[in-house]
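Dropping data-v7.cif in here (mmCIF, C-alpha atoms and all ligand atoms):
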data_upload
loop_
_atom_site.group_PDB
_atom_site.id
_atom_site.type_symbol
_atom_site.label_atom_id
_atom_site.label_comp_id
_atom_site.auth_asym_id
_atom_site.auth_seq_id
_atom_site.Cartn_x
_atom_site.Cartn_y
_atom_site.Cartn_z
ATOM 1 C CA MET A 1 -9.191 -4.253 2.447
ATOM 2 C CA PRO A 2 -9.372 -6.043 -0.912
ATOM 3 C CA ASP A 3 -11.652 -8.975 -0.357
ATOM 4 C CA GLY A 4 -10.411 -12.527 -0.754
ATOM 5 C CA MET A 5 -7.013 -11.791 -2.219
ATOM 6 C CA THR A 6 -4.194 -13.124 -0.102
ATOM 7 C CA HIS A 7 -1.722 -10.460 -1.152
ATOM 8 C CA GLY A 8 -4.244 -7.662 -0.709
ATOM 9 C CA ALA A 9 -5.095 -8.915 2.757
ATOM 10 C CA GLY A 10 -1.479 -9.591 3.584
ATOM 11 C CA ALA A 11 -0.440 -6.145 2.403
ATOM 12 C CA ALA A 12 -2.505 -4.723 5.221
ATOM 13 C CA THR A 13 -1.204 -6.961 7.948
ATOM 14 C CA PHE A 14 2.220 -8.445 7.408
ATOM 15 C CA SER A 15 5.332 -6.576 6.403
ATOM 16 C CA VAL A 16 6.691 -9.248 4.076
ATOM 17 C CA GLY A 17 3.801 -8.600 1.643
ATOM 18 C CA ARG A 18 4.588 -4.885 1.530
ATOM 19 C CA ARG A 19 8.325 -5.041 0.967
ATOM 20 C CA GLY A 20 9.156 -2.862 -2.013
ATOM 21 C CA TYR A 21 5.583 -1.570 -2.394
ATOM 22 C CA GLY A 22 5.557 1.489 -0.122
ATOM 23 C CA PRO A 23 3.260 2.111 2.839
ATOM 24 C CA GLN A 24 0.378 -0.119 3.913
ATOM 25 C CA LEU A 25 -3.206 0.589 2.909
ATOM 26 C CA PRO A 26 -4.475 3.719 4.657
ATOM 27 C CA GLY A 27 -6.938 3.156 7.479
ATOM 28 C CA ASN A 28 -5.484 -0.154 8.637
ATOM 29 C CA PHE A 29 -4.069 -0.648 12.106
ATOM 30 C CA THR A 30 -2.515 -3.690 13.678
ATOM 31 C CA LEU A 31 -3.008 -5.044 17.179
ATOM 32 C CA PRO A 32 -0.203 -7.074 18.762
ATOM 33 C CA VAL A 33 -0.516 -10.806 18.245
ATOM 34 C CA PRO A 34 -1.245 -12.422 21.632
ATOM 35 C CA TYR A 35 1.893 -14.480 21.751
ATOM 36 C CA ALA A 36 2.515 -15.757 25.267
ATOM 37 C CA TYR A 37 6.148 -16.596 24.672
ATOM 38 C CA ARG A 38 7.308 -13.348 23.039
ATOM 39 C CA SER A 39 5.089 -10.719 24.672
ATOM 40 C CA PRO A 40 6.650 -8.225 27.099
ATOM 41 C CA PHE A 41 3.280 -7.908 28.913
ATOM 42 C CA ARG A 42 3.593 -9.891 32.157
ATOM 43 C CA HIS A 43 1.785 -10.316 35.472
ATOM 44 C CA PRO A 44 4.002 -9.868 38.548
ATOM 45 C CA ASP A 45 4.477 -13.670 38.644
ATOM 46 C CA GLY A 46 5.851 -13.610 35.078
ATOM 47 C CA SER A 47 2.805 -15.154 33.392
ATOM 48 C CA TYR A 48 1.457 -13.603 30.217
ATOM 49 C CA ASP A 49 -0.962 -10.681 30.639
ATOM 50 C CA TRP A 50 -2.831 -10.782 27.319
ATOM 51 C CA LYS A 51 -5.590 -8.509 28.592
ATOM 52 C CA ALA A 52 -3.198 -5.636 29.390
ATOM 53 C CA GLU A 53 -1.599 -6.134 25.962
ATOM 54 C CA LEU A 54 -4.944 -6.048 24.179
ATOM 55 C CA ASP A 55 -6.161 -2.977 26.115
ATOM 56 C CA TYR A 56 -2.869 -1.220 25.406
ATOM 57 C CA GLY A 57 -3.134 -2.045 21.690
ATOM 58 C CA TRP A 58 -6.614 -0.560 21.582
ATOM 59 C CA ALA A 59 -5.525 2.517 23.543
ATOM 60 C CA LEU A 60 -2.897 3.191 20.867
ATOM 61 C CA ILE A 61 -5.430 2.733 18.076
ATOM 62 C CA ASP A 62 -7.943 5.018 19.790
ATOM 63 C CA ARG A 63 -5.295 7.741 19.930
ATOM 64 C CA GLN A 64 -4.674 7.456 16.176
ATOM 65 C CA THR A 65 -8.246 7.375 14.866
ATOM 66 C CA THR A 66 -11.412 9.442 14.866
ATOM 67 C CA GLY A 67 -13.379 6.562 16.353
ATOM 68 C CA ALA A 68 -14.965 5.581 13.036
ATOM 69 C CA LEU A 69 -13.213 2.327 12.256
ATOM 70 C CA ALA A 70 -15.356 -0.277 10.480
ATOM 71 C CA ALA A 71 -14.238 -3.651 11.751
ATOM 72 C CA VAL A 72 -11.649 -5.929 13.268
ATOM 73 C CA ILE A 73 -10.428 -8.835 11.172
ATOM 74 C CA ILE A 74 -8.971 -11.655 13.214
ATOM 75 C CA GLU A 75 -8.108 -15.339 12.905
ATOM 76 C CA PRO A 76 -9.070 -17.628 15.826
ATOM 77 C CA ILE A 77 -5.669 -19.278 15.442
ATOM 78 C CA VAL A 78 -3.088 -16.986 13.886
ATOM 79 C CA SER A 79 -2.039 -19.246 11.045
ATOM 80 C CA THR A 80 0.647 -17.950 8.703
ATOM 81 C CA GLY A 81 1.804 -15.665 11.524
ATOM 82 C CA GLY A 82 3.070 -18.657 13.532
ATOM 83 C CA ILE A 83 0.172 -20.991 14.506
ATOM 84 C CA ILE A 84 -0.585 -19.044 17.647
ATOM 85 C CA THR A 85 -3.700 -20.027 19.577
ATOM 86 C CA LEU A 86 -5.607 -17.179 21.188
ATOM 87 C CA PRO A 87 -5.708 -17.236 24.994
ATOM 88 C CA PRO A 88 -9.102 -18.384 26.372
ATOM 89 C CA GLY A 89 -11.354 -15.321 26.655
ATOM 90 C CA TYR A 90 -9.372 -13.300 24.097
ATOM 91 C CA MET A 91 -11.987 -13.443 21.331
ATOM 92 C CA LYS A 92 -14.721 -12.499 23.811
ATOM 93 C CA ALA A 93 -12.677 -9.507 24.985
ATOM 94 C CA MET A 94 -12.067 -8.540 21.351
ATOM 95 C CA LYS A 95 -15.789 -8.636 20.652
ATOM 96 C CA GLU A 96 -16.396 -6.367 23.658
ATOM 97 C CA HIS A 97 -13.838 -3.872 22.325
ATOM 98 C CA CYS A 98 -15.654 -3.939 18.960
ATOM 99 C CA VAL A 99 -19.107 -3.450 20.485
ATOM 100 C CA LYS A 100 -17.836 -0.530 22.583
ATOM 101 C CA ARG A 101 -16.654 1.228 19.397
ATOM 102 C CA GLY A 102 -19.559 0.263 17.124
ATOM 103 C CA MET A 103 -17.257 -1.946 15.036
ATOM 104 C CA LEU A 104 -17.994 -5.277 13.389
ATOM 105 C CA LEU A 105 -16.057 -8.432 14.205
ATOM 106 C CA ILE A 106 -14.887 -10.317 11.120
ATOM 107 C CA ILE A 107 -13.452 -13.748 11.835
ATOM 108 C CA ASP A 108 -11.245 -15.162 9.120
ATOM 109 C CA GLU A 109 -11.541 -18.941 9.158
ATOM 110 C CA ALA A 110 -9.875 -19.604 5.808
ATOM 111 C CA GLN A 111 -7.400 -21.820 7.657
ATOM 112 C CA THR A 112 -9.424 -22.979 10.661
ATOM 113 C CA GLY A 113 -12.987 -23.448 9.411
ATOM 114 C CA MET A 114 -14.913 -26.532 8.297
ATOM 115 C CA GLY A 115 -13.991 -28.774 11.211
ATOM 116 C CA ARG A 116 -10.225 -28.398 11.170
ATOM 117 C CA THR A 117 -9.833 -27.472 14.851
ATOM 118 C CA GLY A 118 -12.317 -29.779 16.578
ATOM 119 C CA ASP A 119 -15.434 -27.654 16.116
ATOM 120 C CA MET A 120 -17.084 -26.805 12.832
ATOM 121 C CA PHE A 121 -15.676 -23.284 13.299
ATOM 122 C CA ALA A 122 -12.897 -22.263 15.668
ATOM 123 C CA PHE A 123 -14.877 -19.235 16.846
ATOM 124 C CA GLU A 124 -17.062 -21.699 18.746
ATOM 125 C CA HIS A 125 -14.184 -22.301 21.208
ATOM 126 C CA ASP A 126 -14.785 -18.956 22.870
ATOM 127 C CA GLY A 127 -18.546 -18.853 22.225
ATOM 128 C CA VAL A 128 -18.256 -15.663 20.152
ATOM 129 C CA VAL A 129 -20.362 -15.313 17.013
ATOM 130 C CA PRO A 130 -18.768 -13.068 14.373
ATOM 131 C CA ASP A 131 -20.695 -10.455 12.379
ATOM 132 C CA ILE A 132 -18.909 -11.674 9.266
ATOM 133 C CA LEU A 133 -17.216 -15.040 8.736
ATOM 134 C CA THR A 134 -14.828 -15.725 5.869
ATOM 135 C CA LEU A 135 -14.086 -19.228 4.615
ATOM 136 C CA SER A 136 -11.819 -20.672 1.945
ATOM 137 C CA LYS A 137 -9.404 -23.604 1.539
ATOM 138 C CA THR A 138 -11.270 -26.684 2.899
ATOM 139 C CA LEU A 139 -14.534 -25.273 1.581
ATOM 140 C CA GLY A 140 -13.409 -25.832 -2.014
ATOM 141 C CA ALA A 141 -11.375 -29.001 -1.352
ATOM 142 C CA GLY A 142 -8.608 -27.686 -3.592
ATOM 143 C CA LEU A 143 -10.757 -25.679 -5.989
ATOM 144 C CA PRO A 144 -10.709 -21.866 -5.704
ATOM 145 C CA LEU A 145 -13.782 -21.266 -3.544
ATOM 146 C CA GLY A 146 -14.241 -18.790 -0.726
ATOM 147 C CA ALA A 147 -17.290 -17.533 1.142
ATOM 148 C CA THR A 148 -18.183 -14.355 2.992
ATOM 149 C CA ILE A 149 -21.004 -15.095 5.421
ATOM 150 C CA CYS A 150 -22.758 -12.293 7.278
ATOM 151 C CA THR A 151 -25.819 -11.487 9.339
ATOM 152 C CA GLU A 152 -29.123 -10.663 7.649
ATOM 153 C CA GLU A 153 -28.770 -7.094 8.875
ATOM 154 C CA ILE A 154 -25.402 -6.626 7.138
ATOM 155 C CA GLU A 155 -26.742 -8.188 3.950
ATOM 156 C CA ARG A 156 -29.733 -5.818 4.031
ATOM 157 C CA VAL A 157 -27.560 -2.713 4.528
ATOM 158 C CA CYS A 158 -25.169 -3.792 1.728
ATOM 159 C CA HIS A 159 -28.142 -4.247 -0.574
ATOM 160 C CA GLU A 160 -29.711 -0.898 0.353
ATOM 161 C CA ARG A 161 -26.399 0.889 -0.242
ATOM 162 C CA GLY A 162 -25.890 -0.799 -3.596
ATOM 163 C CA PHE A 163 -22.675 -2.567 -2.568
ATOM 164 C CA PHE A 164 -21.190 -4.067 -5.701
ATOM 165 C CA TYR A 165 -18.396 -6.582 -6.056
ATOM 166 C CA TYR A 166 -17.518 -9.195 -8.601
ATOM 167 C CA THR A 167 -14.690 -11.300 -9.922
ATOM 168 C CA THR A 168 -14.379 -13.591 -12.952
ATOM 169 C CA HIS A 169 -15.464 -16.650 -10.979
ATOM 170 C CA LEU A 170 -18.096 -15.091 -8.728
ATOM 171 C CA ASN A 171 -20.881 -17.614 -8.055
ATOM 172 C CA ASP A 172 -19.225 -20.154 -10.332
ATOM 173 C CA PRO A 173 -21.644 -23.141 -10.290
ATOM 174 C CA LEU A 174 -18.880 -25.777 -10.565
ATOM 175 C CA VAL A 175 -16.970 -24.753 -7.439
ATOM 176 C CA CYS A 176 -20.228 -23.999 -5.613
ATOM 177 C CA ALA A 177 -21.353 -27.595 -6.271
ATOM 178 C CA VAL A 178 -18.027 -28.825 -4.871
ATOM 179 C CA GLY A 179 -18.451 -26.576 -1.827
ATOM 180 C CA ALA A 180 -21.937 -27.932 -1.173
ATOM 181 C CA LYS A 181 -20.551 -31.490 -1.359
ATOM 182 C CA VAL A 182 -17.728 -30.597 1.041
ATOM 183 C CA CYS A 183 -20.274 -29.250 3.560
ATOM 184 C CA GLU A 184 -22.263 -32.473 3.228
ATOM 185 C CA ILE A 185 -19.227 -34.737 3.763
ATOM 186 C CA VAL A 186 -17.714 -32.718 6.634
ATOM 187 C CA LYS A 187 -21.052 -33.057 8.461
ATOM 188 C CA ARG A 188 -21.760 -36.630 7.416
ATOM 189 C CA ASP A 189 -18.355 -37.974 8.521
ATOM 190 C CA ASN A 190 -18.155 -35.674 11.548
ATOM 191 C CA TYR A 191 -14.806 -34.157 10.633
ATOM 192 C CA PRO A 192 -14.786 -31.854 13.678
ATOM 193 C CA GLU A 193 -14.885 -34.890 15.990
ATOM 194 C CA GLN A 194 -12.196 -36.652 13.956
ATOM 195 C CA ALA A 195 -9.972 -33.558 14.136
ATOM 196 C CA ARG A 196 -10.546 -33.283 17.903
ATOM 197 C CA ARG A 197 -9.629 -36.918 18.500
ATOM 198 C CA LYS A 198 -6.550 -36.899 16.282
ATOM 199 C CA GLY A 199 -5.505 -33.515 17.666
ATOM 200 C CA GLU A 200 -5.514 -34.877 21.207
ATOM 201 C CA VAL A 201 -3.323 -37.836 20.200
ATOM 202 C CA LEU A 202 -0.895 -35.541 18.370
ATOM 203 C CA LYS A 203 -0.759 -33.010 21.207
ATOM 204 C CA GLU A 204 -0.126 -35.694 23.818
ATOM 205 C CA GLY A 205 2.720 -37.113 21.720
ATOM 206 C CA LEU A 206 4.292 -33.702 21.160
ATOM 207 C CA LEU A 207 4.025 -32.777 24.837
ATOM 208 C CA ASN A 208 5.756 -36.008 25.762
ATOM 209 C CA VAL A 209 8.764 -35.183 23.598
ATOM 210 C CA SER A 210 8.952 -31.513 24.566
ATOM 211 C CA THR A 211 10.259 -29.649 27.573
ATOM 212 C CA CYS A 212 8.604 -26.506 28.844
ATOM 213 C CA ALA A 213 10.137 -23.366 27.339
ATOM 214 C CA TYR A 214 9.901 -21.568 30.656
ATOM 215 C CA ASP A 215 11.075 -24.244 33.076
ATOM 216 C CA SER A 216 12.503 -27.679 32.250
ATOM 217 C CA ASP A 217 11.009 -29.210 35.458
ATOM 218 C CA CYS A 218 7.563 -27.829 34.681
ATOM 219 C CA SER A 219 4.755 -30.329 34.074
ATOM 220 C CA CYS A 220 2.280 -27.848 32.547
ATOM 221 C CA LYS A 221 0.170 -29.105 29.652
ATOM 222 C CA LYS A 222 -0.644 -25.725 28.189
ATOM 223 C CA SER A 223 -1.185 -25.477 24.456
ATOM 224 C CA THR A 224 1.434 -22.737 24.199
ATOM 225 C CA ARG A 225 4.060 -25.077 25.604
ATOM 226 C CA VAL A 226 4.860 -26.993 22.453
ATOM 227 C CA SER A 227 5.098 -24.069 20.045
ATOM 228 C CA ALA A 228 7.051 -22.105 22.646
ATOM 229 C CA THR A 229 9.518 -24.959 22.934
ATOM 230 C CA PHE A 230 10.051 -25.132 19.189
ATOM 231 C CA GLU A 231 10.708 -21.385 19.218
ATOM 232 C CA ALA A 232 13.246 -21.630 21.994
ATOM 233 C CA GLU A 233 15.159 -24.269 20.069
ATOM 234 C CA ASP A 234 15.271 -22.269 16.825
HETATM 235 C C1 LIG B 301 -5.928 -16.781 7.059
HETATM 236 C C2 LIG B 301 -6.167 -16.555 5.607
HETATM 237 N N1 LIG B 301 -7.128 -15.705 5.216
HETATM 238 C C3 LIG B 301 -7.385 -15.482 3.916
HETATM 239 C C4 LIG B 301 -6.663 -16.099 2.944
HETATM 240 C C5 LIG B 301 -7.031 -15.839 1.534
HETATM 241 O O1 LIG B 301 -7.681 -16.927 1.015
HETATM 242 P P1 LIG B 301 -8.194 -16.957 -0.517
HETATM 243 O O2 LIG B 301 -7.044 -16.528 -1.351
HETATM 244 O O3 LIG B 301 -8.578 -18.379 -0.737
HETATM 245 O O4 LIG B 301 -9.343 -16.038 -0.586
HETATM 246 C C6 LIG B 301 -5.653 -16.974 3.279
HETATM 247 C C7 LIG B 301 -4.844 -17.643 2.242
HETATM 248 O O5 LIG B 301 -3.820 -18.226 2.462
HETATM 249 C C8 LIG B 301 -5.399 -17.221 4.645
HETATM 250 O O6 LIG B 301 -4.454 -18.076 5.043
#
Show me the file's structure as structure tokens.
Amino acid sequence: MPDGMTHGAGAATFSVGRRGYGPQLPGNFTLPVPYAYRSPFRHPDGSYDWKAELDYGWALIDRQTTGALAAVIIEPIVSTGGIITLPPGYMKAMKEHCVKRGMLLIIDEAQTGMGRTGDMFAFEHDGVVPDILTLSKTLGAGLPLGATICTEEIERVCHERGFFYYTTHLNDPLVCAVGAKVCEIVKRDNYPEQARRKGEVLKEGLLNVSTCAYDSDCSCKKSTRVSATFEAED
């Protein structure tokens, strides 16, 4: 997948970016988004069965490949696709699927990283450490800065194989200086804690004005409740 270019990345994953441009990039497959409200995968009691959905998605991919896929790219909160939070345990299960197939786990935190979701990185919610982490947006505080962060092992292999990539602004000292300052301030002012605190206030307020999408008498406080309600009222 073309690195760091929204339309390149989008062309592989969402249909709107491909309209009028023919088929998607070869070698890309898509797993279903774990969307509690829309998914047809249900336990007998009607609750969402994300695990069956994920296993089924992988079973389909396994049938279509030779078993040599490189990596999964995933957001910890599906952002442009609808602000969908992953079910607890989902990222861990995804990592297990990757390990089983010798694939890397790339977590895209362009939208969620740098303290925005209550931890410095949203992958911390499920205790899963990615092999590669991508950052953008907050990192440059409005300037065009992104980062691809990997393990030492991956860096070593890239170097040995002569991996080569550049763009006009690669390692631009101006935006790098801004990025370093952003890291300093996010840590200094404890932005993750601020986001957590403000997020709780906002969530509580939204839950108080919403009704459960599944049952109007329900008093559940699940995070899917609010977004599901907005959907139902579309
Ligand atoms: C989730 C996600 N990943 C990657 C990108 C690409 O970011 P950039 O163009 O800054 O590299 C975006 C941009 O909107 C995004 O939302």
Report the closest atom pair, with its distance in Å rounded to one decimal, for each residue of chain A that has an atom no farther than 7 Å from ligand LIG 301 (chain B); count all atoms listed in the file, sort by chain and then rising residue number, and write it as a Markdown table.
| residue | atom | partner | partner_atom | distance |
| --- | --- | --- | --- | --- |
| A:Gly4 | CA | B:LIG301 | O4 | 3.7 |
| A:Met5 | CA | B:LIG301 | O2 | 4.8 |
| A:Thr6 | CA | B:LIG301 | C5 | 4.3 |
| A:Glu75 | CA | B:LIG301 | C1 | 6.4 |
| A:Ser79 | CA | B:LIG301 | C1 | 6.1 |
| A:Thr80 | CA | B:LIG301 | O6 | 6.3 |
| A:Asp108 | CA | B:LIG301 | N1 | 5.7 |
| A:Glu109 | CA | B:LIG301 | C1 | 6.4 |
| A:Ala110 | CA | B:LIG301 | C2 | 4.8 |
| A:Gln111 | CA | B:LIG301 | C1 | 5.3 |
| A:Ser136 | CA | B:LIG301 | O3 | 4.8 |
| A:Lys137 | CA | B:LIG301 | O3 | 5.8 |
| A:Pro144 | CA | B:LIG301 | O3 | 6.4 |
| A:Leu145 | CA | B:LIG301 | O3 | 6.6 |
| A:Gly146 | CA | B:LIG301 | O4 | 5.6 |
Which is closer to Asp49 of chain A than all the others in A:Val78, A:Val72, A:Ala36, A:Ile185, using all atoms listed in the file?
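Distance minimum relative to Asp49 of chain A lands on A:Ala36.
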To test your reading of the syntax: which residues would the PyMOL selection byres (((chain A and resi 74) around 10) and not hetatm) return for the file shown? Reply as JSON, numbers by chain.
{"A": [31, 33, 71, 72, 73, 75, 76, 77, 78, 91, 94, 105, 106, 107, 108, 109, 130, 133]}
With all atoms listed in the file as the basis for distance, which of A:Pro88, A:Ile83, A:Pro23, A:Phe29 is at the shortest distance from Trp50 of chain A?
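Of A:Pro88, A:Ile83, A:Pro23, A:Phe29, the one nearest Trp50 of chain A, counting all atoms listed in the file, is A:Pro88.
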Report the residues retrieved by the PyMOL selection byres (((chain A and resi 193) around 12) and not hetatm) from the displayed file, expressed as a PDB file with C-alpha atoms, in the frame of the given file.
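Result written to selection_9.pdb:
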ATOM      1  CA  MET A 114     -14.913 -26.532   8.297  1.00  0.00           C
ATOM      2  CA  GLY A 115     -13.991 -28.774  11.211  1.00  0.00           C
ATOM      3  CA  ARG A 116     -10.225 -28.398  11.170  1.00  0.00           C
ATOM      4  CA  THR A 117      -9.833 -27.472  14.851  1.00  0.00           C
ATOM      5  CA  GLY A 118     -12.317 -29.779  16.578  1.00  0.00           C
ATOM      6  CA  ASP A 119     -15.434 -27.654  16.116  1.00  0.00           C
ATOM      7  CA  MET A 120     -17.084 -26.805  12.832  1.00  0.00           C
ATOM      8  CA  PHE A 121     -15.676 -23.284  13.299  1.00  0.00           C
ATOM      9  CA  VAL A 186     -17.714 -32.718   6.634  1.00  0.00           C
ATOM     10  CA  LYS A 187     -21.052 -33.057   8.461  1.00  0.00           C
ATOM     11  CA  ARG A 188     -21.760 -36.630   7.416  1.00  0.00           C
ATOM     12  CA  ASP A 189     -18.355 -37.974   8.521  1.00  0.00           C
ATOM     13  CA  ASN A 190     -18.155 -35.674  11.548  1.00  0.00           C
ATOM     14  CA  TYR A 191     -14.806 -34.157  10.633  1.00  0.00           C
ATOM     15  CA  PRO A 192     -14.786 -31.854  13.678  1.00  0.00           C
ATOM     16  CA  GLN A 194     -12.196 -36.652  13.956  1.00  0.00           C
ATOM     17  CA  ALA A 195      -9.972 -33.558  14.136  1.00  0.00           C
ATOM     18  CA  ARG A 196     -10.546 -33.283  17.903  1.00  0.00           C
ATOM     19  CA  ARG A 197      -9.629 -36.918  18.500  1.00  0.00           C
ATOM     20  CA  LYS A 198      -6.550 -36.899  16.282  1.00  0.00           C
ATOM     21  CA  GLY A 199      -5.505 -33.515  17.666  1.00  0.00           C
ATOM     22  CA  GLU A 200      -5.514 -34.877  21.207  1.00  0.00           C
TER      23      GLU A 200
END
Just the number, please: distance in Å from atom CA of Thr148 of chain A to atom CA of Leu104 of chain A, one decimal.
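Going from atom CA of Thr148 of chain A over to atom CA of Leu104 of chain A covers 13.8 Å.
Between Thr85 of chain A and the residues A:Asn171, A:Thr65, A:Thr112, A:Thr151, the shortest atom-to-atom distance, using all atoms listed in the file, involves A:Thr112.
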Between atom CA of Pro87 of chain A and atom CA of Tyr48 of chain A, what is the spacing in Å?
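Atom CA of Pro87 of chain A lies at a distance of 9.6 Å from atom CA of Tyr48 of chain A.
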Dump as a PyMOL selection string all residues having an atom at most 6 Å from (-0.4, -7.7, 24.3), computed in the file's coordinates with only C-alpha atoms.
chain A and resi 32+34+41+50+53-54
I need segment 16-93 of chain A from the structure I supplied, saved as a PDB file, in the first residue's frame with C-alpha atoms retained.
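Resulting contents of out34.pdb:
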ATOM      1  CA  VAL A  16     -15.511   5.828  -2.296  1.00  0.00           C
ATOM      2  CA  GLY A  17     -11.785   6.349  -3.025  1.00  0.00           C
ATOM      3  CA  ARG A  18     -11.891   3.865  -5.898  1.00  0.00           C
ATOM      4  CA  ARG A  19     -14.974   5.106  -7.702  1.00  0.00           C
ATOM      5  CA  GLY A  20     -14.079   5.620 -11.343  1.00  0.00           C
ATOM      6  CA  TYR A  21     -10.558   4.196 -10.947  1.00  0.00           C
ATOM      7  CA  GLY A  22     -11.091   0.474 -11.569  1.00  0.00           C
ATOM      8  CA  PRO A  23     -10.273  -2.375  -9.193  1.00  0.00           C
ATOM      9  CA  GLN A  24      -8.518  -2.030  -5.842  1.00  0.00           C
ATOM     10  CA  LEU A  25      -4.799  -2.624  -5.438  1.00  0.00           C
ATOM     11  CA  PRO A  26      -3.989  -6.310  -5.912  1.00  0.00           C
ATOM     12  CA  GLY A  27      -3.134  -8.236  -2.764  1.00  0.00           C
ATOM     13  CA  ASN A  28      -5.415  -6.271  -0.451  1.00  0.00           C
ATOM     14  CA  PHE A  29      -8.270  -7.879   1.432  1.00  0.00           C
ATOM     15  CA  THR A  30     -10.783  -6.360   3.781  1.00  0.00           C
ATOM     16  CA  LEU A  31     -12.087  -7.748   7.053  1.00  0.00           C
ATOM     17  CA  PRO A  32     -15.566  -6.721   8.213  1.00  0.00           C
ATOM     18  CA  VAL A  33     -15.604  -3.719  10.510  1.00  0.00           C
ATOM     19  CA  PRO A  34     -16.688  -4.889  13.984  1.00  0.00           C
ATOM     20  CA  TYR A  35     -19.819  -2.822  14.118  1.00  0.00           C
ATOM     21  CA  ALA A  36     -22.106  -4.048  16.883  1.00  0.00           C
ATOM     22  CA  TYR A  37     -25.184  -2.308  15.557  1.00  0.00           C
ATOM     23  CA  ARG A  38     -25.018  -3.385  11.900  1.00  0.00           C
ATOM     24  CA  SER A  39     -23.390  -6.823  12.085  1.00  0.00           C
ATOM     25  CA  PRO A  40     -25.479  -9.909  11.273  1.00  0.00           C
ATOM     26  CA  PHE A  41     -23.249 -12.007  13.590  1.00  0.00           C
ATOM     27  CA  ARG A  42     -25.245 -12.604  16.785  1.00  0.00           C
ATOM     28  CA  HIS A  43     -25.168 -14.817  19.872  1.00  0.00           C
ATOM     29  CA  PRO A  44     -28.422 -16.695  20.550  1.00  0.00           C
ATOM     30  CA  ASP A  45     -29.439 -13.879  22.944  1.00  0.00           C
ATOM     31  CA  GLY A  46     -29.075 -11.323  20.126  1.00  0.00           C
ATOM     32  CA  SER A  47     -25.859  -9.718  21.383  1.00  0.00           C
ATOM     33  CA  TYR A  48     -23.038  -9.060  18.950  1.00  0.00           C
ATOM     34  CA  ASP A  49     -20.656 -11.965  18.275  1.00  0.00           C
ATOM     35  CA  TRP A  50     -17.552 -10.111  17.069  1.00  0.00           C
ATOM     36  CA  LYS A  51     -15.339 -13.165  17.495  1.00  0.00           C
ATOM     37  CA  ALA A  52     -17.390 -15.299  15.076  1.00  0.00           C
ATOM     38  CA  GLU A  53     -17.367 -12.378  12.621  1.00  0.00           C
ATOM     39  CA  LEU A  54     -13.606 -11.962  12.857  1.00  0.00           C
ATOM     40  CA  ASP A  55     -12.934 -15.717  12.517  1.00  0.00           C
ATOM     41  CA  TYR A  56     -15.282 -15.870   9.534  1.00  0.00           C
ATOM     42  CA  GLY A  57     -13.528 -12.902   7.897  1.00  0.00           C
ATOM     43  CA  TRP A  58     -10.182 -14.628   8.294  1.00  0.00           C
ATOM     44  CA  ALA A  59     -11.563 -17.933   7.002  1.00  0.00           C
ATOM     45  CA  LEU A  60     -12.612 -16.150   3.802  1.00  0.00           C
ATOM     46  CA  ILE A  61      -9.205 -14.514   3.439  1.00  0.00           C
ATOM     47  CA  ASP A  62      -7.402 -17.813   4.026  1.00  0.00           C
ATOM     48  CA  ARG A  63      -9.412 -19.356   1.193  1.00  0.00           C
ATOM     49  CA  GLN A  64      -8.348 -16.579  -1.197  1.00  0.00           C
ATOM     50  CA  THR A  65      -4.619 -16.395  -0.462  1.00  0.00           C
ATOM     51  CA  THR A  66      -1.514 -18.551  -0.516  1.00  0.00           C
ATOM     52  CA  GLY A  67      -0.848 -17.812   3.142  1.00  0.00           C
ATOM     53  CA  ALA A  68       1.877 -15.259   2.407  1.00  0.00           C
ATOM     54  CA  LEU A  69       0.195 -12.015   3.361  1.00  0.00           C
ATOM     55  CA  ALA A  70       2.497  -9.391   4.891  1.00  0.00           C
ATOM     56  CA  ALA A  71       0.455  -7.522   7.457  1.00  0.00           C
ATOM     57  CA  VAL A  72      -2.839  -6.315   8.831  1.00  0.00           C
ATOM     58  CA  ILE A  73      -3.420  -2.577   8.962  1.00  0.00           C
ATOM     59  CA  ILE A  74      -6.021  -1.546  11.494  1.00  0.00           C
ATOM     60  CA  GLU A  75      -7.186   1.526  13.396  1.00  0.00           C
ATOM     61  CA  PRO A  76      -7.956   1.104  17.128  1.00  0.00           C
ATOM     62  CA  ILE A  77     -11.039   3.254  16.570  1.00  0.00           C
ATOM     63  CA  VAL A  78     -12.305   3.115  13.005  1.00  0.00           C
ATOM     64  CA  SER A  79     -12.310   6.830  12.315  1.00  0.00           C
ATOM     65  CA  THR A  80     -13.467   7.953   8.883  1.00  0.00           C
ATOM     66  CA  GLY A  81     -15.403   4.681   8.622  1.00  0.00           C
ATOM     67  CA  GLY A  82     -17.846   5.822  11.328  1.00  0.00           C
ATOM     68  CA  ILE A  83     -16.049   6.305  14.694  1.00  0.00           C
ATOM     69  CA  ILE A  84     -16.480   2.683  15.655  1.00  0.00           C
ATOM     70  CA  THR A  85     -14.715   1.512  18.803  1.00  0.00           C
ATOM     71  CA  LEU A  86     -13.322  -2.008  18.698  1.00  0.00           C
ATOM     72  CA  PRO A  87     -14.919  -4.463  21.131  1.00  0.00           C
ATOM     73  CA  PRO A  88     -12.689  -5.211  24.164  1.00  0.00           C
ATOM     74  CA  GLY A  89     -10.373  -8.094  23.240  1.00  0.00           C
ATOM     75  CA  TYR A  90     -10.705  -7.505  19.485  1.00  0.00           C
ATOM     76  CA  MET A  91      -7.191  -6.133  18.962  1.00  0.00           C
ATOM     77  CA  LYS A  92      -5.725  -8.994  21.008  1.00  0.00           C
ATOM     78  CA  ALA A  93      -7.617 -11.531  18.887  1.00  0.00           C
TER      79      ALA A  93
END
